[in-house]
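The file upload_24.pdb comes next; it holds PDB, C-alpha atoms.
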```pdb
ATOM      1  CA  MET D 568       0.000   0.000   0.000  1.00  0.00           C
ATOM      2  CA  ASN D 569       1.338   3.366  -0.901  1.00  0.00           C
ATOM      3  CA  LYS D 570       1.231   6.423   1.324  1.00  0.00           C
ATOM      4  CA  TYR D 571      -1.504   8.128  -0.775  1.00  0.00           C
ATOM      5  CA  THR D 572      -3.931   5.236  -0.202  1.00  0.00           C
ATOM      6  CA  ILE D 573      -3.445   5.516   3.550  1.00  0.00           C
ATOM      7  CA  ILE D 574      -3.993   9.293   3.482  1.00  0.00           C
ATOM      8  CA  ILE D 575      -7.168   8.908   1.351  1.00  0.00           C
ATOM      9  CA  ALA D 576      -8.524   6.250   3.767  1.00  0.00           C
ATOM     10  CA  GLN D 577      -7.894   8.554   6.757  1.00  0.00           C
ATOM     11  CA  VAL D 578      -9.569  11.504   5.013  1.00  0.00           C
ATOM     12  CA  CYS D 579     -12.589   9.311   4.196  1.00  0.00           C
ATOM     13  CA  ALA D 580     -12.844   8.175   7.846  1.00  0.00           C
ATOM     14  CA  ILE D 581     -12.655  11.775   9.075  1.00  0.00           C
ATOM     15  CA  LEU D 582     -15.354  12.859   6.538  1.00  0.00           C
ATOM     16  CA  LEU D 583     -17.604   9.970   7.572  1.00  0.00           C
ATOM     17  CA  ALA D 584     -17.230  10.864  11.274  1.00  0.00           C
ATOM     18  CA  LEU D 585     -17.960  14.527  10.453  1.00  0.00           C
ATOM     19  CA  ILE D 586     -21.119  13.566   8.519  1.00  0.00           C
ATOM     20  CA  VAL D 587     -22.361  11.432  11.453  1.00  0.00           C
ATOM     21  CA  MET D 588     -21.747  14.326  13.895  1.00  0.00           C
ATOM     22  CA  ILE D 589     -23.635  16.755  11.637  1.00  0.00           C
ATOM     23  CA  LEU D 590     -26.596  14.366  11.330  1.00  0.00           C
ATOM     24  CA  LEU D 591     -26.760  13.911  15.108  1.00  0.00           C
ATOM     25  CA  ALA D 592     -26.645  17.681  15.610  1.00  0.00           C
ATOM     26  CA  LEU D 593     -29.471  18.193  13.115  1.00  0.00           C
ATOM     27  CA  ASP D 594     -31.563  15.566  14.928  1.00  0.00           C
ATOM     28  CA  LYS D 595     -31.232  17.698  18.119  1.00  0.00           C
ATOM     29  CA  GLY D 596     -30.059  14.987  20.453  1.00  0.00           C
ATOM     30  CA  GLY D 597     -31.744  11.947  19.017  1.00  0.00           C
ATOM     31  CA  SER D 598     -35.111  10.541  18.127  1.00  0.00           C
ATOM     32  CA  ASN D 599     -38.373  10.910  20.073  1.00  0.00           C
ATOM     33  CA  ALA D 600     -38.923   7.178  19.793  1.00  0.00           C
ATOM     34  CA  ASP D 601     -38.990   4.794  22.723  1.00  0.00           C
ATOM     35  CA  ALA D 602     -36.557   1.924  23.026  1.00  0.00           C
ATOM     36  CA  ASP D 603     -38.807  -0.100  20.728  1.00  0.00           C
ATOM     37  CA  GLY D 604     -38.541   2.561  18.004  1.00  0.00           C
ATOM     38  CA  VAL D 605     -42.150   3.755  18.319  1.00  0.00           C
ATOM     39  CA  PRO D 606     -42.669   7.458  19.111  1.00  0.00           C
ATOM     40  CA  PRO D 607     -44.735   8.088  22.268  1.00  0.00           C
ATOM     41  CA  GLU D 608     -48.421   8.982  22.049  1.00  0.00           C
ATOM     42  CA  VAL D 609     -49.003  12.720  22.568  1.00  0.00           C
ATOM     43  CA  ASP D 610     -52.263  14.350  23.693  1.00  0.00           C
ATOM     44  CA  THR D 611     -53.752  17.597  22.344  1.00  0.00           C
ATOM     45  CA  ASP D 612     -51.660  19.662  24.781  1.00  0.00           C
ATOM     46  CA  GLY D 613     -48.461  18.113  23.482  1.00  0.00           C
ATOM     47  CA  LEU D 614     -47.924  16.012  26.603  1.00  0.00           C
ATOM     48  CA  CYS D 615     -46.883  12.376  26.452  1.00  0.00           C
ATOM     49  CA  VAL D 616     -49.623   9.922  27.309  1.00  0.00           C
ATOM     50  CA  VAL D 617     -48.352   7.317  29.746  1.00  0.00           C
ATOM     51  CA  GLU D 618     -50.371   4.246  30.660  1.00  0.00           C
ATOM     52  CA  VAL D 619     -49.767   3.076  34.209  1.00  0.00           C
ATOM     53  CA  ALA D 620     -50.720  -0.499  34.946  1.00  0.00           C
ATOM     54  CA  GLU D 621     -52.947  -0.983  37.977  1.00  0.00           C
ATOM     55  CA  PRO D 622     -51.228  -3.027  40.655  1.00  0.00           C
ATOM     56  CA  GLU D 623     -52.468  -6.569  41.000  1.00  0.00           C
ATOM     57  CA  TYR D 624     -53.885  -7.513  44.369  1.00  0.00           C
ATOM     58  CA  GLU D 625     -54.472 -10.892  45.908  1.00  0.00           C
ATOM     59  CA  MET D 626     -58.011 -11.791  46.921  1.00  0.00           C
ATOM     60  CA  TYR D 627     -58.258 -13.529  50.310  1.00  0.00           C
ATOM     61  CA  PHE D 628     -61.503 -15.371  49.711  1.00  0.00           C
ATOM     62  CA  THR D 629     -63.021 -18.143  47.645  1.00  0.00           C
ATOM     63  CA  GLU D 630     -66.275 -18.544  45.757  1.00  0.00           C
ATOM     64  CA  ALA D 631     -67.458 -20.713  48.659  1.00  0.00           C
ATOM     65  CA  ASP D 632     -66.897 -17.732  51.010  1.00  0.00           C
ATOM     66  CA  VAL D 633     -68.974 -15.458  48.772  1.00  0.00           C
ATOM     67  CA  THR D 634     -71.757 -18.042  48.695  1.00  0.00           C
ATOM     68  CA  ALA D 635     -71.659 -18.603  52.482  1.00  0.00           C
ATOM     69  CA  LEU D 636     -71.849 -14.860  53.168  1.00  0.00           C
ATOM     70  CA  ALA D 637     -74.765 -14.493  50.748  1.00  0.00           C
ATOM     71  CA  GLN D 638     -76.540 -17.318  52.601  1.00  0.00           C
ATOM     72  CA  MET D 639     -75.818 -15.587  55.925  1.00  0.00           C
ATOM     73  CA  LEU D 640     -77.264 -12.354  54.523  1.00  0.00           C
ATOM     74  CA  TYR D 641     -80.367 -14.255  53.399  1.00  0.00           C
ATOM     75  CA  GLY D 642     -80.972 -15.410  56.953  1.00  0.00           C
ATOM     76  CA  GLU D 643     -79.753 -12.369  58.887  1.00  0.00           C
ATOM     77  CA  ALA D 644     -80.385  -9.331  56.693  1.00  0.00           C
ATOM     78  CA  ARG D 645     -82.448 -10.063  53.583  1.00  0.00           C
ATOM     79  CA  GLY D 646     -85.011  -7.327  54.358  1.00  0.00           C
ATOM     80  CA  CYS D 647     -82.438  -4.758  55.496  1.00  0.00           C
ATOM     81  CA  THR D 648     -80.820  -1.910  53.599  1.00  0.00           C
ATOM     82  CA  VAL D 649     -77.710  -2.622  51.545  1.00  0.00           C
ATOM     83  CA  ASP D 650     -75.710  -0.581  54.073  1.00  0.00           C
ATOM     84  CA  ASN D 651     -76.953  -2.813  56.900  1.00  0.00           C
ATOM     85  CA  GLN D 652     -76.144  -5.919  54.846  1.00  0.00           C
ATOM     86  CA  MET D 653     -72.616  -4.641  54.246  1.00  0.00           C
ATOM     87  CA  LYS D 654     -72.195  -4.101  57.979  1.00  0.00           C
ATOM     88  CA  CYS D 655     -73.203  -7.735  58.583  1.00  0.00           C
ATOM     89  CA  VAL D 656     -70.472  -8.912  56.209  1.00  0.00           C
ATOM     90  CA  TRP D 657     -67.901  -6.600  57.827  1.00  0.00           C
ATOM     91  CA  CYS D 658     -68.881  -7.988  61.233  1.00  0.00           C
ATOM     92  CA  VAL D 659     -68.094 -11.527  60.037  1.00  0.00           C
ATOM     93  CA  LEU D 660     -64.789 -10.398  58.523  1.00  0.00           C
ATOM     94  CA  ASN D 661     -63.885  -8.538  61.710  1.00  0.00           C
ATOM     95  CA  ARG D 662     -64.238 -11.839  63.525  1.00  0.00           C
ATOM     96  CA  VAL D 663     -62.042 -13.606  60.961  1.00  0.00           C
ATOM     97  CA  ASP D 664     -59.345 -11.018  61.724  1.00  0.00           C
ATOM     98  CA  ASP D 665     -59.802 -11.298  65.505  1.00  0.00           C
ATOM     99  CA  SER D 666     -57.766 -14.007  67.271  1.00  0.00           C
ATOM    100  CA  ARG D 667     -60.722 -14.955  69.517  1.00  0.00           C
ATOM    101  CA  PHE D 668     -62.628 -16.423  66.555  1.00  0.00           C
ATOM    102  CA  PRO D 669     -61.895 -18.925  63.771  1.00  0.00           C
ATOM    103  CA  ASP D 670     -59.651 -17.536  61.031  1.00  0.00           C
ATOM    104  CA  THR D 671     -61.896 -18.534  58.115  1.00  0.00           C
ATOM    105  CA  ILE D 672     -65.192 -17.089  56.943  1.00  0.00           C
ATOM    106  CA  ILE D 673     -67.012 -20.417  56.983  1.00  0.00           C
ATOM    107  CA  GLY D 674     -65.442 -21.191  60.373  1.00  0.00           C
ATOM    108  CA  VAL D 675     -66.889 -17.960  61.808  1.00  0.00           C
ATOM    109  CA  LEU D 676     -70.306 -18.477  60.203  1.00  0.00           C
ATOM    110  CA  SER D 677     -70.642 -22.074  61.369  1.00  0.00           C
ATOM    111  CA  GLN D 678     -69.563 -21.506  64.977  1.00  0.00           C
ATOM    112  CA  PRO D 679     -72.208 -22.918  67.340  1.00  0.00           C
ATOM    113  CA  SER D 680     -74.787 -20.433  68.660  1.00  0.00           C
ATOM    114  CA  GLN D 681     -73.396 -17.495  66.676  1.00  0.00           C
ATOM    115  CA  PHE D 682     -75.066 -16.817  63.321  1.00  0.00           C
ATOM    116  CA  HIS D 683     -78.506 -18.375  63.680  1.00  0.00           C
ATOM    117  CA  GLY D 684     -79.470 -16.874  60.332  1.00  0.00           C
ATOM    118  CA  TYR D 685     -76.785 -18.783  58.441  1.00  0.00           C
ATOM    119  CA  SER D 686     -77.486 -22.103  56.795  1.00  0.00           C
ATOM    120  CA  PRO D 687     -75.645 -23.727  53.897  1.00  0.00           C
ATOM    121  CA  ASP D 688     -79.107 -24.785  52.686  1.00  0.00           C
ATOM    122  CA  PHE D 689     -80.334 -21.193  52.191  1.00  0.00           C
ATOM    123  CA  PRO D 690     -80.686 -19.883  48.641  1.00  0.00           C
ATOM    124  CA  VAL D 691     -78.066 -17.600  47.137  1.00  0.00           C
ATOM    125  CA  TRP D 692     -79.657 -14.423  45.787  1.00  0.00           C
ATOM    126  CA  ASP D 693     -77.624 -12.508  43.200  1.00  0.00           C
ATOM    127  CA  GLU D 694     -78.061  -9.162  44.978  1.00  0.00           C
ATOM    128  CA  LEU D 695     -76.833 -10.645  48.281  1.00  0.00           C
ATOM    129  CA  LYS D 696     -73.912 -12.287  46.507  1.00  0.00           C
ATOM    130  CA  GLU D 697     -72.980  -8.882  45.012  1.00  0.00           C
ATOM    131  CA  VAL D 698     -72.979  -7.307  48.488  1.00  0.00           C
ATOM    132  CA  ALA D 699     -70.752 -10.097  49.809  1.00  0.00           C
ATOM    133  CA  LEU D 700     -68.356  -9.857  46.861  1.00  0.00           C
ATOM    134  CA  ASP D 701     -68.085  -6.068  47.163  1.00  0.00           C
ATOM    135  CA  VAL D 702     -67.194  -6.168  50.858  1.00  0.00           C
ATOM    136  CA  LEU D 703     -64.870  -9.160  50.438  1.00  0.00           C
ATOM    137  CA  THR D 704     -62.974  -7.368  47.682  1.00  0.00           C
ATOM    138  CA  ARG D 705     -62.518  -4.248  49.821  1.00  0.00           C
ATOM    139  CA  TRP D 706     -61.495  -6.409  52.804  1.00  0.00           C
ATOM    140  CA  SER D 707     -58.824  -8.113  50.679  1.00  0.00           C
ATOM    141  CA  LEU D 708     -57.525  -4.767  49.444  1.00  0.00           C
ATOM    142  CA  GLU D 709     -57.473  -3.387  52.995  1.00  0.00           C
ATOM    143  CA  LYS D 710     -55.370  -6.362  54.127  1.00  0.00           C
ATOM    144  CA  GLN D 711     -52.787  -5.291  51.513  1.00  0.00           C
ATOM    145  CA  GLY D 712     -52.557  -1.690  52.680  1.00  0.00           C
ATOM    146  CA  VAL D 713     -55.137  -0.067  50.416  1.00  0.00           C
ATOM    147  CA  THR D 714     -57.409   2.482  52.107  1.00  0.00           C
ATOM    148  CA  VAL D 715     -61.008   1.381  51.598  1.00  0.00           C
ATOM    149  CA  GLU D 716     -64.418   2.559  52.724  1.00  0.00           C
ATOM    150  CA  ARG D 717     -65.728   0.541  55.645  1.00  0.00           C
ATOM    151  CA  GLU D 718     -69.348   0.576  56.705  1.00  0.00           C
ATOM    152  CA  LEU D 719     -68.373  -0.833  60.119  1.00  0.00           C
ATOM    153  CA  PRO D 720     -65.224  -0.268  62.226  1.00  0.00           C
ATOM    154  CA  ASN D 721     -63.039  -3.318  62.737  1.00  0.00           C
ATOM    155  CA  THR D 722     -63.783  -3.419  66.483  1.00  0.00           C
ATOM    156  CA  TYR D 723     -67.466  -4.334  65.974  1.00  0.00           C
ATOM    157  CA  LEU D 724     -67.801  -8.095  66.379  1.00  0.00           C
ATOM    158  CA  TRP D 725     -71.453  -8.628  67.326  1.00  0.00           C
ATOM    159  CA  PHE D 726     -74.902  -7.739  66.084  1.00  0.00           C
ATOM    160  CA  THR D 727     -78.504  -8.492  66.863  1.00  0.00           C
ATOM    161  CA  GLY D 728     -81.565  -7.824  64.771  1.00  0.00           C
ATOM    162  CA  ASP D 729     -85.150  -6.757  65.339  1.00  0.00           C
ATOM    163  CA  SER D 730     -86.583  -8.020  62.022  1.00  0.00           C
ATOM    164  CA  VAL D 731     -86.193  -4.537  60.526  1.00  0.00           C
ATOM    165  CA  GLN D 732     -82.492  -3.850  60.913  1.00  0.00           C
ATOM    166  CA  ASN D 733     -79.414  -5.175  62.647  1.00  0.00           C
ATOM    167  CA  HIS D 734     -77.715  -3.362  65.519  1.00  0.00           C
ATOM    168  CA  PHE D 735     -73.936  -3.623  65.796  1.00  0.00           C
ATOM    169  CA  ARG D 736     -71.741  -3.378  68.867  1.00  0.00           C
ATOM    170  CA  GLU D 737     -68.201  -3.795  70.104  1.00  0.00           C
ATOM    171  CA  GLU D 738     -69.000  -5.797  73.225  1.00  0.00           C
ATOM    172  CA  TYR D 739     -71.170  -8.849  73.699  1.00  0.00           C
TER
END
```
Represent the structure of the file as structure tokens.
Amino acid sequence: MNKYTIIIAQVCAILLALIVMILLALDKGGSNADADGVPPEVDTDGLCVVEVAEPEYEMYFTEADVTALAQMLYGEARGCTVDNQMKCVWCVLNRVDDSRFPDTIIGVLSQPSQFHGYSPDFPVWDELKEVALDVLTRWSLEKQGVTVERELPNTYLWFTGDSVQNHFREEY
């Protein structure tokens, strides 16, 4: 190789590097594309639209628990307001969380001389099942640190009814 070939190769390398630097400068720091090469979605105000995935939470109940609570509501609160029905479910769940009672929903419901209105033979009404599922979902979220609306404080473990509504209390 002669010395002119080497000089021409070096000049070509310098020109190529200069062209790349000019192109990068014209692009003003790079592309607006994400790592996958797709530019981000922009709203009408020119702001990037970012989708944040909702965290996944564990549910601490089974379908059998939902059914059992709906059957308890049938016997204890079927003529009551939805608010009163929700309080009945919270009362059961408060017991599940209290060390003085069984640590399962069905265990609490089937304790002797406790929930006279519960029977596994009672029908399962859709509207009562919805109440049970709603409260159970919030209870599960609460157990994982999410702030939820409670119709009954966690210290209320007992209730009695007068055929119109149930009355809740902290002490027996």
Handout entry: Given all atoms listed in the file as the counted atoms, nearest of D:Glu694, D:His683, D:Asn661, D:Val675 to Pro720 (chain D)
Key =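 Using all atoms listed in the file, the shortest distance to Pro720 (chain D) belongs to D:Asn661.
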Exercise: region 635-649 of chain D partners within 8 Å, only C-alpha atoms, chain neighbours under 4 positions left out, as an mmCIF file with C-alpha atoms, keeping the file's coordinate frame:
```
data_model
loop_
_atom_site.group_PDB
_atom_site.id
_atom_site.type_symbol
_atom_site.label_atom_id
_atom_site.label_comp_id
_atom_site.auth_asym_id
_atom_site.auth_seq_id
_atom_site.Cartn_x
_atom_site.Cartn_y
_atom_site.Cartn_z
ATOM 1 C CA ALA D 631 -67.458 -20.713 48.659
ATOM 2 C CA MET D 653 -72.616 -4.641 54.246
ATOM 3 C CA CYS D 655 -73.203 -7.735 58.583
ATOM 4 C CA VAL D 656 -70.472 -8.912 56.209
ATOM 5 C CA ILE D 672 -65.192 -17.089 56.943
ATOM 6 C CA ILE D 673 -67.012 -20.417 56.983
ATOM 7 C CA LEU D 676 -70.306 -18.477 60.203
ATOM 8 C CA PHE D 682 -75.066 -16.817 63.321
ATOM 9 C CA HIS D 683 -78.506 -18.375 63.680
ATOM 10 C CA GLY D 684 -79.470 -16.874 60.332
ATOM 11 C CA TYR D 685 -76.785 -18.783 58.441
ATOM 12 C CA SER D 686 -77.486 -22.103 56.795
ATOM 13 C CA PRO D 687 -75.645 -23.727 53.897
ATOM 14 C CA ASP D 688 -79.107 -24.785 52.686
ATOM 15 C CA PHE D 689 -80.334 -21.193 52.191
ATOM 16 C CA PRO D 690 -80.686 -19.883 48.641
ATOM 17 C CA VAL D 691 -78.066 -17.600 47.137
ATOM 18 C CA TRP D 692 -79.657 -14.423 45.787
ATOM 19 C CA LEU D 695 -76.833 -10.645 48.281
ATOM 20 C CA LYS D 696 -73.912 -12.287 46.507
ATOM 21 C CA VAL D 698 -72.979 -7.307 48.488
ATOM 22 C CA ALA D 699 -70.752 -10.097 49.809
ATOM 23 C CA GLY D 728 -81.565 -7.824 64.771
ATOM 24 C CA SER D 730 -86.583 -8.020 62.022
ATOM 25 C CA VAL D 731 -86.193 -4.537 60.526
ATOM 26 C CA GLN D 732 -82.492 -3.850 60.913
ATOM 27 C CA ASN D 733 -79.414 -5.175 62.647
#
```
Picked residues, the PyMOL selection byres ((chain D and resi 738) around 8), as a PDB file with C-alpha atoms, in the coordinates of the input:
```
ATOM      1  CA  TYR D 723     -67.466  -4.334  65.974  1.00  0.00           C
ATOM      2  CA  LEU D 724     -67.801  -8.095  66.379  1.00  0.00           C
ATOM      3  CA  TRP D 725     -71.453  -8.628  67.326  1.00  0.00           C
ATOM      4  CA  ARG D 736     -71.741  -3.378  68.867  1.00  0.00           C
ATOM      5  CA  GLU D 737     -68.201  -3.795  70.104  1.00  0.00           C
ATOM      6  CA  TYR D 739     -71.170  -8.849  73.699  1.00  0.00           C
TER       7      TYR D 739
END
```
Practice task
To one decimal in Å, tell me the separation between CA of Val619 (chain D) and CA of Ser707 (chain D).
Solution key: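 About the pair CA of Val619 (chain D) and CA of Ser707 (chain D): they are 21.9 Å apart.
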Problem - From D:Glu608, D:Arg717, D:Val578, D:Ile586, residue lying nearest Leu660 (chain D) [all atoms listed in the file] - result: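 Going through D:Glu608, D:Arg717, D:Val578, D:Ile586 one by one, the smallest distance to Leu660 (chain D) is for D:Arg717.
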Exercise for the section: Would you work out the distance separating CA of Thr671 (chain D) from CA of Glu716 (chain D), expressed in Å to one decimal? Expected result: 21.9 Å
Practice task
Find the residues with any atom within 10 Å of (-61.7, -4.4, 54.8); use all atoms listed in the file and the coordinates as given in the file, and write the answer as a PyMOL selection string.
Solution key: chain D and resi 656-657+660-661+664+702-721
Exercise for the section: Grab the CA of Val617 (chain D) to CA of Ala592 (chain D) distance for me, in Å with one decimal place. Expected result: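 Between CA of Val617 (chain D) and CA of Ala592 (chain D) the gap works out to 27.9 Å.
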Practice task
Name the closest residue to Phe628 (chain D) among the candidates D:Thr611, D:Asp701, D:Ala576, D:Phe735; distances are taken between atoms, counting all atoms listed in the file.
Solution key: D:Asp701
Completion exercise
The residue from D:Gln652, D:Leu582, D:Asp612, D:Asp670 with the smallest atom-to-atom distance to Tyr627 (chain D), counting all atoms listed in the file, is D:Asp670
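The smallest atom-to-atom distance between Gln681 (chain D) and any of D:Val659, D:Leu614, D:Ala580, D:Val609, using only C-alpha atoms, is found for D:Val659.
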Work out where the centre of an axis-aligned box around every listed atom of region 672-684 of chain D lies and how long its edges are once 4 Å is added on each side; give both in Å to one decimal as JSON.
```
{"center_x": -72.3, "center_y": -19.9, "center_z": 62.8, "size_x": 22.3, "size_y": 14.1, "size_z": 19.7}
```
Please return region 661-671 of chain D, rebuilt to all heavy atoms, as an mmCIF file, in the frame of the given file.
```cif
data_model
loop_
_atom_site.group_PDB
_atom_site.id
_atom_site.type_symbol
_atom_site.label_atom_id
_atom_site.label_comp_id
_atom_site.auth_asym_id
_atom_site.auth_seq_id
_atom_site.Cartn_x
_atom_site.Cartn_y
_atom_site.Cartn_z
ATOM 1 N N ASN D 661 -64.570 -9.003 60.501
ATOM 2 C CA ASN D 661 -63.885 -8.538 61.710
ATOM 3 C C ASN D 661 -63.570 -9.710 62.627
ATOM 4 O O ASN D 661 -62.511 -9.753 63.253
ATOM 5 C CB ASN D 661 -64.737 -7.503 62.459
ATOM 6 C CG ASN D 661 -64.828 -6.179 61.726
ATOM 7 O OD1 ASN D 661 -64.073 -5.899 60.806
ATOM 8 N ND2 ASN D 661 -65.779 -5.345 62.144
ATOM 9 N N ARG D 662 -64.477 -10.648 62.704
ATOM 10 C CA ARG D 662 -64.238 -11.839 63.525
ATOM 11 C C ARG D 662 -63.126 -12.697 62.925
ATOM 12 O O ARG D 662 -62.304 -13.251 63.654
ATOM 13 C CB ARG D 662 -65.512 -12.676 63.657
ATOM 14 C CG ARG D 662 -66.520 -12.069 64.598
ATOM 15 C CD ARG D 662 -67.677 -13.016 64.788
ATOM 16 N NE ARG D 662 -68.637 -12.497 65.751
ATOM 17 C CZ ARG D 662 -69.503 -13.240 66.413
ATOM 18 N NH1 ARG D 662 -69.548 -14.545 66.196
ATOM 19 N NH2 ARG D 662 -70.348 -12.703 67.250
ATOM 20 N N VAL D 663 -63.106 -12.827 61.610
ATOM 21 C CA VAL D 663 -62.042 -13.606 60.961
ATOM 22 C C VAL D 663 -60.681 -13.015 61.327
ATOM 23 O O VAL D 663 -59.713 -13.748 61.564
ATOM 24 C CB VAL D 663 -62.229 -13.635 59.422
ATOM 25 C CG1 VAL D 663 -61.016 -14.250 58.728
ATOM 26 C CG2 VAL D 663 -63.497 -14.385 59.050
ATOM 27 N N ASP D 664 -60.608 -11.694 61.415
ATOM 28 C CA ASP D 664 -59.345 -11.018 61.724
ATOM 29 C C ASP D 664 -59.040 -10.971 63.218
ATOM 30 O O ASP D 664 -57.943 -10.572 63.607
ATOM 31 C CB ASP D 664 -59.367 -9.593 61.169
ATOM 32 C CG ASP D 664 -59.324 -9.556 59.649
ATOM 33 O OD1 ASP D 664 -58.842 -10.530 59.044
ATOM 34 O OD2 ASP D 664 -59.765 -8.540 59.069
ATOM 35 N N ASP D 665 -59.979 -11.346 64.055
ATOM 36 C CA ASP D 665 -59.802 -11.298 65.505
ATOM 37 C C ASP D 665 -59.367 -12.685 65.996
ATOM 38 O O ASP D 665 -59.982 -13.705 65.656
ATOM 39 C CB ASP D 665 -61.122 -10.888 66.174
ATOM 40 C CG ASP D 665 -60.966 -10.610 67.647
ATOM 41 O OD1 ASP D 665 -60.734 -11.577 68.403
ATOM 42 O OD2 ASP D 665 -61.096 -9.434 68.048
ATOM 43 N N SER D 666 -58.331 -12.732 66.830
ATOM 44 C CA SER D 666 -57.766 -14.007 67.271
ATOM 45 C C SER D 666 -58.708 -14.823 68.164
ATOM 46 O O SER D 666 -58.482 -16.013 68.380
ATOM 47 C CB SER D 666 -56.441 -13.767 68.003
ATOM 48 O OG SER D 666 -56.666 -12.974 69.161
ATOM 49 N N ARG D 667 -59.787 -14.220 68.658
ATOM 50 C CA ARG D 667 -60.722 -14.955 69.517
ATOM 51 C C ARG D 667 -61.689 -15.838 68.731
ATOM 52 O O ARG D 667 -62.443 -16.608 69.302
ATOM 53 C CB ARG D 667 -61.532 -13.969 70.374
ATOM 54 C CG ARG D 667 -60.659 -13.206 71.370
ATOM 55 C CD ARG D 667 -61.457 -12.146 72.069
ATOM 56 N NE ARG D 667 -61.681 -11.034 71.132
ATOM 57 C CZ ARG D 667 -62.381 -9.951 71.434
ATOM 58 N NH1 ARG D 667 -62.957 -9.842 72.621
ATOM 59 N NH2 ARG D 667 -62.519 -8.991 70.555
ATOM 60 N N PHE D 668 -61.674 -15.703 67.404
ATOM 61 C CA PHE D 668 -62.628 -16.423 66.555
ATOM 62 C C PHE D 668 -61.873 -17.243 65.514
ATOM 63 O O PHE D 668 -60.677 -17.028 65.291
ATOM 64 C CB PHE D 668 -63.563 -15.421 65.857
ATOM 65 C CG PHE D 668 -64.392 -14.623 66.812
ATOM 66 C CD1 PHE D 668 -63.977 -13.367 67.242
ATOM 67 C CD2 PHE D 668 -65.593 -15.115 67.303
ATOM 68 C CE1 PHE D 668 -64.733 -12.626 68.133
ATOM 69 C CE2 PHE D 668 -66.360 -14.386 68.193
ATOM 70 C CZ PHE D 668 -65.932 -13.136 68.605
ATOM 71 N N PRO D 669 -62.559 -18.171 64.858
ATOM 72 C CA PRO D 669 -61.895 -18.925 63.771
ATOM 73 C C PRO D 669 -61.340 -17.972 62.702
ATOM 74 O O PRO D 669 -61.843 -16.866 62.522
ATOM 75 C CB PRO D 669 -63.028 -19.786 63.204
ATOM 76 C CG PRO D 669 -64.004 -19.929 64.328
ATOM 77 C CD PRO D 669 -63.933 -18.621 65.073
ATOM 78 N N ASP D 670 -60.306 -18.408 62.012
ATOM 79 C CA ASP D 670 -59.651 -17.536 61.031
ATOM 80 C C ASP D 670 -60.134 -17.751 59.597
ATOM 81 O O ASP D 670 -59.476 -17.337 58.645
ATOM 82 C CB ASP D 670 -58.135 -17.676 61.112
ATOM 83 C CG ASP D 670 -57.644 -19.081 60.784
ATOM 84 O OD1 ASP D 670 -58.492 -19.980 60.567
ATOM 85 O OD2 ASP D 670 -56.425 -19.278 60.739
ATOM 86 N N THR D 671 -61.294 -18.398 59.445
ATOM 87 C CA THR D 671 -61.896 -18.534 58.115
ATOM 88 C C THR D 671 -63.335 -18.029 58.166
ATOM 89 O O THR D 671 -63.965 -18.025 59.229
ATOM 90 C CB THR D 671 -61.910 -20.002 57.636
ATOM 91 O OG1 THR D 671 -62.783 -20.762 58.475
ATOM 92 C CG2 THR D 671 -60.513 -20.601 57.628
#
```
